[in-house]
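Engineer: Data: data.pdb, PDB, C-alpha atoms.
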MODEL        1
ATOM      1  CA  MET A   1     246.819 446.922  56.282  1.00  0.00           C
ATOM      2  CA  GLN A   2     247.420 448.285  59.803  1.00  0.00           C
ATOM      3  CA  VAL A   3     247.605 452.056  60.342  1.00  0.00           C
ATOM      4  CA  ASP A   4     248.241 453.619  63.767  1.00  0.00           C
ATOM      5  CA  PHE A   5     247.274 457.126  64.824  1.00  0.00           C
ATOM      6  CA  THR A   6     247.336 459.448  67.782  1.00  0.00           C
ATOM      7  CA  LEU A   7     243.945 460.934  68.648  1.00  0.00           C
ATOM      8  CA  SER A   8     243.780 464.326  70.322  1.00  0.00           C
ATOM      9  CA  PHE A   9     241.210 466.971  71.226  1.00  0.00           C
ATOM     10  CA  THR A  10     242.159 470.651  70.999  1.00  0.00           C
ATOM     11  CA  ASP A  11     240.081 473.819  70.591  1.00  0.00           C
ATOM     12  CA  ASN A  12     236.838 471.807  70.287  1.00  0.00           C
ATOM     13  CA  GLN A  13     238.266 469.785  67.381  1.00  0.00           C
ATOM     14  CA  TRP A  14     239.211 466.131  67.218  1.00  0.00           C
ATOM     15  CA  ILE A  15     242.603 465.610  65.580  1.00  0.00           C
ATOM     16  CA  CYS A  16     243.813 462.252  64.320  1.00  0.00           C
ATOM     17  CA  TYR A  17     247.387 462.074  63.054  1.00  0.00           C
ATOM     18  CA  ASN A  18     250.477 460.023  62.355  1.00  0.00           C
ATOM     19  CA  ASP A  19     253.687 460.764  60.432  1.00  0.00           C
ATOM     20  CA  THR A  20     251.940 460.993  57.050  1.00  0.00           C
ATOM     21  CA  ILE A  21     248.234 461.725  57.626  1.00  0.00           C
ATOM     22  CA  GLU A  22     246.353 464.308  59.680  1.00  0.00           C
ATOM     23  CA  VAL A  23     242.592 464.822  59.752  1.00  0.00           C
ATOM     24  CA  GLN A  24     240.408 467.051  61.905  1.00  0.00           C
ATOM     25  CA  GLY A  25     236.724 467.063  62.652  1.00  0.00           C
ATOM     26  CA  ASP A  26     233.973 468.279  64.920  1.00  0.00           C
ATOM     27  CA  SER A  27     233.094 464.686  65.813  1.00  0.00           C
ATOM     28  CA  LEU A  28     234.644 461.229  65.770  1.00  0.00           C
ATOM     29  CA  ASP A  29     232.229 460.320  62.970  1.00  0.00           C
ATOM     30  CA  GLU A  30     233.688 463.148  60.895  1.00  0.00           C
ATOM     31  CA  ILE A  31     237.210 461.864  61.631  1.00  0.00           C
ATOM     32  CA  ASP A  32     236.147 458.396  60.464  1.00  0.00           C
ATOM     33  CA  GLU A  33     234.593 459.804  57.263  1.00  0.00           C
ATOM     34  CA  ASN A  34     237.718 461.823  56.482  1.00  0.00           C
ATOM     35  CA  LEU A  35     239.952 458.797  57.014  1.00  0.00           C
ATOM     36  CA  ALA A  36     237.717 456.627  54.831  1.00  0.00           C
ATOM     37  CA  MET A  37     238.067 459.120  51.958  1.00  0.00           C
ATOM     38  CA  ILE A  38     241.852 459.096  52.276  1.00  0.00           C
ATOM     39  CA  PHE A  39     242.053 455.304  52.549  1.00  0.00           C
ATOM     40  CA  LYS A  40     239.775 454.723  49.530  1.00  0.00           C
ATOM     41  CA  SER A  41     242.288 456.426  47.277  1.00  0.00           C
ATOM     42  CA  LYS A  42     245.333 454.956  48.986  1.00  0.00           C
ATOM     43  CA  TYR A  43     244.314 451.357  49.773  1.00  0.00           C
ATOM     44  CA  LYS A  44     241.831 450.304  47.108  1.00  0.00           C
ATOM     45  CA  ASN A  45     239.818 447.174  47.888  1.00  0.00           C
ATOM     46  CA  GLU A  46     241.912 446.379  50.942  1.00  0.00           C
ATOM     47  CA  PRO A  47     240.600 446.441  54.521  1.00  0.00           C
ATOM     48  CA  VAL A  48     242.412 448.927  56.739  1.00  0.00           C
ATOM     49  CA  ASN A  49     242.700 448.255  60.474  1.00  0.00           C
ATOM     50  CA  VAL A  50     243.118 451.470  62.419  1.00  0.00           C
ATOM     51  CA  THR A  51     244.284 451.948  65.977  1.00  0.00           C
ATOM     52  CA  MET A  52     243.855 455.380  67.551  1.00  0.00           C
ATOM     53  CA  LEU A  53     245.655 455.861  70.850  1.00  0.00           C
ATOM     54  CA  PHE A  54     244.519 458.916  72.739  1.00  0.00           C
ATOM     55  CA  ASP A  55     247.023 461.628  73.640  1.00  0.00           C
ATOM     56  CA  PHE A  56     246.060 461.916  77.314  1.00  0.00           C
ATOM     57  CA  ASP A  57     247.695 465.339  77.663  1.00  0.00           C
ATOM     58  CA  TYR A  58     244.706 466.597  75.648  1.00  0.00           C
ATOM     59  CA  PHE A  59     241.944 464.478  77.136  1.00  0.00           C
ATOM     60  CA  PRO A  60     238.691 466.524  77.027  1.00  0.00           C
ATOM     61  CA  GLN A  61     237.532 467.823  80.380  1.00  0.00           C
ATOM     62  CA  TRP A  62     234.034 466.455  79.790  1.00  0.00           C
ATOM     63  CA  HIS A  63     235.468 462.904  79.446  1.00  0.00           C
ATOM     64  CA  ARG A  64     237.507 462.965  82.637  1.00  0.00           C
ATOM     65  CA  GLN A  65     234.824 460.984  84.475  1.00  0.00           C
ATOM     66  CA  TYR A  66     235.819 457.953  82.366  1.00  0.00           C
ATOM     67  CA  MET A  67     239.032 455.969  82.470  1.00  0.00           C
ATOM     68  CA  SER A  68     241.263 457.462  79.804  1.00  0.00           C
ATOM     69  CA  HIS A  69     242.209 454.094  78.257  1.00  0.00           C
ATOM     70  CA  TYR A  70     238.520 453.537  77.452  1.00  0.00           C
ATOM     71  CA  PHE A  71     238.893 456.158  74.795  1.00  0.00           C
ATOM     72  CA  ASN A  72     241.450 454.357  72.615  1.00  0.00           C
ATOM     73  CA  ARG A  73     239.774 453.205  69.403  1.00  0.00           C
ATOM     74  CA  ASN A  74     240.127 450.231  67.060  1.00  0.00           C
ATOM     75  CA  LEU A  75     238.334 450.388  63.700  1.00  0.00           C
ATOM     76  CA  THR A  76     238.293 448.454  60.464  1.00  0.00           C
ATOM     77  CA  PHE A  77     237.535 450.221  57.209  1.00  0.00           C
ATOM     78  CA  ASN A  78     236.240 447.810  54.551  1.00  0.00           C
ATOM     79  CA  LEU A  79     236.918 449.699  51.353  1.00  0.00           C
ATOM     80  CA  ASN A  80     235.647 447.266  48.743  1.00  0.00           C
ATOM     81  CA  SER A  81     233.932 449.179  45.960  1.00  0.00           C
TER
ENDMDL
END
Kindly transcribe the structure held in the file into structure tokens.

Structural biologist:
Amino acid sequence: MQVDFTLSFTDNQWICYNDTIEVQGDSLDEIDENLAMIFKSKYKNEPVNVTMLFDFDYFPQWHRQYMSHYFNRNLTFNLNS
């Protein structure tokens, strides 16, 4: 299963969203944990490939020293029980 998201940073919170799912967290690890909980109930025993493309209008000031495309993320959630 492939799921695509937009990743943003606003008011010291990471926000990961698409048309049907939105999660927030203080860290990217928290975003990943929140997505894993959602996917476990939705996609049982099926790996989920996630692409997060960063919304560069909300690129954190403290990351501006890096190339913005470095911050796009690709993850695989292996949800086998």

Engineer: Need to verify the contact set: A:Val48, 7 Å, all atoms listed in the file, exclusion of same-chain residues closer than 6 positions in sequence. Can you return it as a PyMOL selection string?

Structural biologist: chain A and resi 1-2+76-78

Engineer: Which distance in Å separates atom CA of A:Ile38 and atom CA of A:Val3, to one decimal?

Structural biologist: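 So the answer is 12.2 Å.
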
Engineer: Can you measure atom CA of A:Phe54 to atom CA of A:Asp4 for me? One decimal in Å is fine.

Structural biologist: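 So the answer is 11.1 Å.
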
Engineer: Interatomic distance between atom CA of A:Gln24 and atom CA of A:Pro47?

Structural biologist: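 These two atoms are separated by 21.9 Å.
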
Engineer: Once the PyMOL selection byres ((chain A and resi 26) around 6) has been applied to the shown file, what residues remain in the selection, as a PyMOL selection string?

Structural biologist: chain A and resi 13+25+27

Engineer: Written as a list in words, which residues does the PyMOL selection byres ((chain A and resi 52) around 9) give for the file shown?

Structural biologist: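 With the shown file as input, the PyMOL selection byres ((chain A and resi 52) around 9) matches Val3, Asp4, Phe5, Thr6, Leu7, Cys16, Tyr17, Val50, Thr51, Leu53, Phe54, Phe71, Asn72, Arg73, Asn74 and Leu75 of chain A.
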
Engineer: May I have the residues from that selection written out with C-alpha atoms, as a PDB file, in the coordinates of the input?

Structural biologist:
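Written out: part-v2.pdb:
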ATOM      1  CA  VAL A   3     247.605 452.056  60.342  1.00  0.00           C
ATOM      2  CA  ASP A   4     248.241 453.619  63.767  1.00  0.00           C
ATOM      3  CA  PHE A   5     247.274 457.126  64.824  1.00  0.00           C
ATOM      4  CA  THR A   6     247.336 459.448  67.782  1.00  0.00           C
ATOM      5  CA  LEU A   7     243.945 460.934  68.648  1.00  0.00           C
ATOM      6  CA  CYS A  16     243.813 462.252  64.320  1.00  0.00           C
ATOM      7  CA  TYR A  17     247.387 462.074  63.054  1.00  0.00           C
ATOM      8  CA  VAL A  50     243.118 451.470  62.419  1.00  0.00           C
ATOM      9  CA  THR A  51     244.284 451.948  65.977  1.00  0.00           C
ATOM     10  CA  LEU A  53     245.655 455.861  70.850  1.00  0.00           C
ATOM     11  CA  PHE A  54     244.519 458.916  72.739  1.00  0.00           C
ATOM     12  CA  PHE A  71     238.893 456.158  74.795  1.00  0.00           C
ATOM     13  CA  ASN A  72     241.450 454.357  72.615  1.00  0.00           C
ATOM     14  CA  ARG A  73     239.774 453.205  69.403  1.00  0.00           C
ATOM     15  CA  ASN A  74     240.127 450.231  67.060  1.00  0.00           C
ATOM     16  CA  LEU A  75     238.334 450.388  63.700  1.00  0.00           C
TER      17      LEU A  75
END

Engineer: Which residue out of A:Asn80, A:Asp55, A:Trp14, A:Glu46 has the minimum interatomic distance to A:Asn34 when all atoms listed in the file are used?

Structural biologist: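 Going through A:Asn80, A:Asp55, A:Trp14, A:Glu46 one by one, the smallest distance to A:Asn34 is for A:Trp14.
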
Engineer: In terms of the shortest atom-to-atom distance over all atoms listed in the file, which of A:Asn49, A:Val23, A:Asn18, A:Asp57 is closest to A:Met37?

Structural biologist: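 Smallest distance to A:Met37 is found for A:Val23.
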
Engineer: From the list A:Glu30, A:Asn12, A:Thr20, A:Leu79, which residue is nearest A:Lys44 when using all atoms listed in the file?

Structural biologist: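 Counting all atoms listed in the file, the residue closest to A:Lys44 is A:Leu79.
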
Engineer: Start from the incomplete input, build N, CA and C atoms for stretch 1-33 of chain A, and deliver everything as a PDB file, keeping the file's coordinate frame.

Structural biologist:
ATOM      1  N   MET A   1     245.955 445.792  56.040  1.00  0.00           N
ATOM      2  CA  MET A   1     246.819 446.922  56.282  1.00  0.00           C
ATOM      3  C   MET A   1     246.516 447.445  57.685  1.00  0.00           C
ATOM      4  N   GLN A   2     247.550 447.713  58.462  1.00  0.00           N
ATOM      5  CA  GLN A   2     247.420 448.285  59.803  1.00  0.00           C
ATOM      6  C   GLN A   2     247.965 449.712  59.783  1.00  0.00           C
ATOM      7  N   VAL A   3     247.172 450.666  60.269  1.00  0.00           N
ATOM      8  CA  VAL A   3     247.605 452.056  60.342  1.00  0.00           C
ATOM      9  C   VAL A   3     247.342 452.548  61.762  1.00  0.00           C
ATOM     10  N   ASP A   4     248.355 453.131  62.392  1.00  0.00           N
ATOM     11  CA  ASP A   4     248.241 453.619  63.767  1.00  0.00           C
ATOM     12  C   ASP A   4     248.226 455.145  63.780  1.00  0.00           C
ATOM     13  N   PHE A   5     247.423 455.680  64.696  1.00  0.00           N
ATOM     14  CA  PHE A   5     247.274 457.126  64.824  1.00  0.00           C
ATOM     15  C   PHE A   5     247.314 457.530  66.283  1.00  0.00           C
ATOM     16  N   THR A   6     247.563 458.803  66.497  1.00  0.00           N
ATOM     17  CA  THR A   6     247.336 459.448  67.782  1.00  0.00           C
ATOM     18  C   THR A   6     246.062 460.251  67.635  1.00  0.00           C
ATOM     19  N   LEU A   7     245.196 460.191  68.642  1.00  0.00           N
ATOM     20  CA  LEU A   7     243.945 460.934  68.648  1.00  0.00           C
ATOM     21  C   LEU A   7     244.027 461.988  69.744  1.00  0.00           C
ATOM     22  N   SER A   8     243.675 463.222  69.390  1.00  0.00           N
ATOM     23  CA  SER A   8     243.780 464.326  70.322  1.00  0.00           C
ATOM     24  C   SER A   8     242.527 465.182  70.231  1.00  0.00           C
ATOM     25  N   PHE A   9     242.338 466.044  71.214  1.00  0.00           N
ATOM     26  CA  PHE A   9     241.210 466.971  71.226  1.00  0.00           C
ATOM     27  C   PHE A   9     241.724 468.335  71.652  1.00  0.00           C
ATOM     28  N   THR A  10     241.645 469.310  70.738  1.00  0.00           N
ATOM     29  CA  THR A  10     242.159 470.651  70.999  1.00  0.00           C
ATOM     30  C   THR A  10     241.225 471.675  70.367  1.00  0.00           C
ATOM     31  N   ASP A  11     240.912 472.725  71.106  1.00  0.00           N
ATOM     32  CA  ASP A  11     240.081 473.819  70.591  1.00  0.00           C
ATOM     33  C   ASP A  11     238.771 473.308  69.990  1.00  0.00           C
ATOM     34  N   ASN A  12     238.122 472.389  70.697  1.00  0.00           N
ATOM     35  CA  ASN A  12     236.838 471.807  70.287  1.00  0.00           C
ATOM     36  C   ASN A  12     236.905 471.051  68.967  1.00  0.00           C
ATOM     37  N   GLN A  13     238.076 470.577  68.592  1.00  0.00           N
ATOM     38  CA  GLN A  13     238.266 469.785  67.381  1.00  0.00           C
ATOM     39  C   GLN A  13     238.968 468.491  67.724  1.00  0.00           C
ATOM     40  N   TRP A  14     238.494 467.398  67.139  1.00  0.00           N
ATOM     41  CA  TRP A  14     239.211 466.131  67.218  1.00  0.00           C
ATOM     42  C   TRP A  14     240.302 466.167  66.166  1.00  0.00           C
ATOM     43  N   ILE A  15     241.477 465.662  66.503  1.00  0.00           N
ATOM     44  CA  ILE A  15     242.603 465.610  65.580  1.00  0.00           C
ATOM     45  C   ILE A  15     243.169 464.199  65.621  1.00  0.00           C
ATOM     46  N   CYS A  16     243.286 463.607  64.460  1.00  0.00           N
ATOM     47  CA  CYS A  16     243.813 462.252  64.320  1.00  0.00           C
ATOM     48  C   CYS A  16     245.020 462.347  63.393  1.00  0.00           C
ATOM     49  N   TYR A  17     246.185 461.868  63.860  1.00  0.00           N
ATOM     50  CA  TYR A  17     247.387 462.074  63.054  1.00  0.00           C
ATOM     51  C   TYR A  17     248.411 460.960  63.270  1.00  0.00           C
ATOM     52  N   ASN A  18     249.263 460.834  62.259  1.00  0.00           N
ATOM     53  CA  ASN A  18     250.477 460.023  62.355  1.00  0.00           C
ATOM     54  C   ASN A  18     251.542 460.763  61.546  1.00  0.00           C
ATOM     55  N   ASP A  19     252.597 460.088  61.141  1.00  0.00           N
ATOM     56  CA  ASP A  19     253.687 460.764  60.432  1.00  0.00           C
ATOM     57  C   ASP A  19     253.299 461.259  59.044  1.00  0.00           C
ATOM     58  N   THR A  20     252.268 460.650  58.431  1.00  0.00           N
ATOM     59  CA  THR A  20     251.940 460.993  57.050  1.00  0.00           C
ATOM     60  C   THR A  20     250.525 461.528  56.830  1.00  0.00           C
ATOM     61  N   ILE A  21     249.632 461.330  57.795  1.00  0.00           N
ATOM     62  CA  ILE A  21     248.234 461.725  57.626  1.00  0.00           C
ATOM     63  C   ILE A  21     247.785 462.522  58.840  1.00  0.00           C
ATOM     64  N   GLU A  22     247.014 463.583  58.595  1.00  0.00           N
ATOM     65  CA  GLU A  22     246.353 464.308  59.680  1.00  0.00           C
ATOM     66  C   GLU A  22     244.961 464.702  59.217  1.00  0.00           C
ATOM     67  N   VAL A  23     243.957 464.391  60.023  1.00  0.00           N
ATOM     68  CA  VAL A  23     242.592 464.822  59.752  1.00  0.00           C
ATOM     69  C   VAL A  23     242.023 465.456  61.010  1.00  0.00           C
ATOM     70  N   GLN A  24     241.075 466.379  60.801  1.00  0.00           N
ATOM     71  CA  GLN A  24     240.408 467.051  61.905  1.00  0.00           C
ATOM     72  C   GLN A  24     238.909 466.963  61.687  1.00  0.00           C
ATOM     73  N   GLY A  25     238.169 467.075  62.775  1.00  0.00           N
ATOM     74  CA  GLY A  25     236.724 467.063  62.652  1.00  0.00           C
ATOM     75  C   GLY A  25     236.047 467.518  63.921  1.00  0.00           C
ATOM     76  N   ASP A  26     234.775 467.876  63.773  1.00  0.00           N
ATOM     77  CA  ASP A  26     233.973 468.279  64.920  1.00  0.00           C
ATOM     78  C   ASP A  26     233.502 467.082  65.733  1.00  0.00           C
ATOM     79  N   SER A  27     233.548 465.898  65.133  1.00  0.00           N
ATOM     80  CA  SER A  27     233.094 464.686  65.813  1.00  0.00           C
ATOM     81  C   SER A  27     233.984 463.519  65.396  1.00  0.00           C
ATOM     82  N   LEU A  28     233.891 462.436  66.146  1.00  0.00           N
ATOM     83  CA  LEU A  28     234.644 461.229  65.770  1.00  0.00           C
ATOM     84  C   LEU A  28     234.096 460.648  64.472  1.00  0.00           C
ATOM     85  N   ASP A  29     232.797 460.778  64.242  1.00  0.00           N
ATOM     86  CA  ASP A  29     232.229 460.320  62.970  1.00  0.00           C
ATOM     87  C   ASP A  29     232.850 461.065  61.795  1.00  0.00           C
ATOM     88  N   GLU A  30     233.061 462.364  61.956  1.00  0.00           N
ATOM     89  CA  GLU A  30     233.688 463.148  60.895  1.00  0.00           C
ATOM     90  C   GLU A  30     235.133 462.707  60.676  1.00  0.00           C
ATOM     91  N   ILE A  31     235.842 462.404  61.746  1.00  0.00           N
ATOM     92  CA  ILE A  31     237.210 461.864  61.631  1.00  0.00           C
ATOM     93  C   ILE A  31     237.178 460.572  60.819  1.00  0.00           C
ATOM     94  N   ASP A  32     236.253 459.677  61.164  1.00  0.00           N
ATOM     95  CA  ASP A  32     236.147 458.396  60.464  1.00  0.00           C
ATOM     96  C   ASP A  32     235.839 458.602  58.982  1.00  0.00           C
ATOM     97  N   GLU A  33     234.933 459.521  58.664  1.00  0.00           N
ATOM     98  CA  GLU A  33     234.593 459.804  57.263  1.00  0.00           C
ATOM     99  C   GLU A  33     235.796 460.352  56.503  1.00  0.00           C
TER     100      GLU A  33
END
